[in-house]
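Read the structure below first, then the notes.
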Amino acid sequence: MTPMLISRPAVHVVPELSGERCDSCNAAAKAVVTFGNAGDLAFCGHHAKKFADRITATADKVVVEEGFDWRS
């Protein structure tokens, strides 16, 4: 039996996140992260990169603006 690789979180790219603001500092959001039934959090570029390890480990879905690399 071949093991199944599950990529978590699912990452979706959108042209822009207009109107979304970072929940930590109120800057323009570059990513919106969904944590199952717990809800969504928006992150600016700085905070998305700062918390990238935690986001990767716990999020179900990440929506990012096109051209933003939050994992670097």
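In the structure tokens, each chain is lettered A, B, ... as it comes, each chain's residues begin at 1, and ligands are numbered from 1 in order of appearance.
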(request) Mind checking which residues fall within 7 Å of Leu17 of chain A, counting only C-alpha atoms, ignoring those fewer than 3 positions away in the same chain, and posting them as a ChimeraX atom specification? (result) /A:20,29-30,65
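Across chain A, DSSP run on the backbone finds helix (DSSP H, G or I) at Gly36, Asn37, Ala38, Gly45, His46, His47, Ala48, Lys49, Lys50, Ala52, Asp53, Arg54, Ile55, Thr56, Ala57 and Thr58 of chain A.
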Generate a file of the selected residues that holds C-alpha atoms, formatted as an mmCIF file, in the first residue's frame.
data_model
loop_
_atom_site.group_PDB
_atom_site.id
_atom_site.type_symbol
_atom_site.label_atom_id
_atom_site.label_comp_id
_atom_site.auth_asym_id
_atom_site.auth_seq_id
_atom_site.Cartn_x
_atom_site.Cartn_y
_atom_site.Cartn_z
ATOM 1 C CA GLY A 36 -11.220 24.532 11.494
ATOM 2 C CA ASN A 37 -14.244 25.430 13.612
ATOM 3 C CA ALA A 38 -12.205 27.988 15.583
ATOM 4 C CA GLY A 45 3.086 40.000 5.760
ATOM 5 C CA HIS A 46 5.195 40.453 8.900
ATOM 6 C CA HIS A 47 2.914 38.432 11.173
ATOM 7 C CA ALA A 48 2.237 35.701 8.594
ATOM 8 C CA LYS A 49 5.987 35.106 8.320
ATOM 9 C CA LYS A 50 6.500 35.389 12.074
ATOM 10 C CA ALA A 52 4.470 30.565 9.636
ATOM 11 C CA ASP A 53 5.540 27.476 11.622
ATOM 12 C CA ARG A 54 2.443 27.600 13.832
ATOM 13 C CA ILE A 55 0.182 28.298 10.857
ATOM 14 C CA THR A 56 1.593 25.329 8.954
ATOM 15 C CA ALA A 57 1.162 23.036 11.964
ATOM 16 C CA THR A 58 -2.386 24.033 12.909
#
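From atom CA of Ala27 of chain A back to atom CA of Arg8 of chain A, the distance works out to 26.0 Å.
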(request) Kindly give the distance, in Å, that separates atom CA of Ser18 of chain A and atom CA of Ala42 of chain A, rounded to a single decimal. (result) 11.7 Å
(request) For atom CA of Asp60 of chain A and atom CA of His12 of chain A, determine how far apart the two atoms are, in Å to one decimal place. (result) 11.2 Å
(request) From chain A, collect each residue whose DSSP state is strand (DSSP E or B) and return the set as a PyMOL selection string. (result) chain A and resi 10-14+21+28+31-34+40-43+61-65
For Val33 of chain A, find every residue with an atom within 7 Å (counting only C-alpha atoms), except residues of its own chain fewer than 2 positions away, and show them as a PDB file with N, CA and C atoms, in the first residue's frame.
ATOM      1  N   ALA A  31      -2.590  37.472   4.201  1.00  0.00           N
ATOM      2  CA  ALA A  31      -3.036  36.088   4.341  1.00  0.00           C
ATOM      3  C   ALA A  31      -4.218  36.014   5.295  1.00  0.00           C
ATOM      4  N   PHE A  35      -8.749  28.073  10.872  1.00  0.00           N
ATOM      5  CA  PHE A  35      -8.400  27.056  11.865  1.00  0.00           C
ATOM      6  C   PHE A  35      -9.644  26.237  12.194  1.00  0.00           C
ATOM      7  N   ASP A  40     -11.364  32.225  11.553  1.00  0.00           N
ATOM      8  CA  ASP A  40     -10.324  32.762  10.678  1.00  0.00           C
ATOM      9  C   ASP A  40      -9.552  33.865  11.387  1.00  0.00           C
ATOM     10  N   LEU A  41      -8.284  34.002  11.001  1.00  0.00           N
ATOM     11  CA  LEU A  41      -7.453  35.122  11.426  1.00  0.00           C
ATOM     12  C   LEU A  41      -6.787  35.694  10.192  1.00  0.00           C
ATOM     13  N   ALA A  42      -6.691  37.017  10.127  1.00  0.00           N
ATOM     14  CA  ALA A  42      -5.992  37.686   9.033  1.00  0.00           C
ATOM     15  C   ALA A  42      -4.624  38.127   9.537  1.00  0.00           C
ATOM     16  N   ALA A  59      -3.212  25.151  10.903  1.00  0.00           N
ATOM     17  CA  ALA A  59      -4.267  25.683  10.032  1.00  0.00           C
ATOM     18  C   ALA A  59      -4.827  24.617   9.093  1.00  0.00           C
ATOM     19  N   LYS A  61      -6.652  25.897   6.258  1.00  0.00           N
ATOM     20  CA  LYS A  61      -6.626  26.580   4.960  1.00  0.00           C
ATOM     21  C   LYS A  61      -5.956  27.934   5.113  1.00  0.00           C
ATOM     22  N   VAL A  62      -5.165  28.297   4.095  1.00  0.00           N
ATOM     23  CA  VAL A  62      -4.530  29.605   4.053  1.00  0.00           C
ATOM     24  C   VAL A  62      -4.848  30.230   2.699  1.00  0.00           C
ATOM     25  N   VAL A  63      -5.375  31.443   2.718  1.00  0.00           N
ATOM     26  CA  VAL A  63      -5.626  32.208   1.498  1.00  0.00           C
ATOM     27  C   VAL A  63      -4.612  33.336   1.486  1.00  0.00           C
TER      28      VAL A  63
END
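Considering only C-alpha atoms, the residue among A:Val32, A:Val64, A:Asp69, A:Phe51 positioned nearest to Glu16 of chain A is A:Val64.
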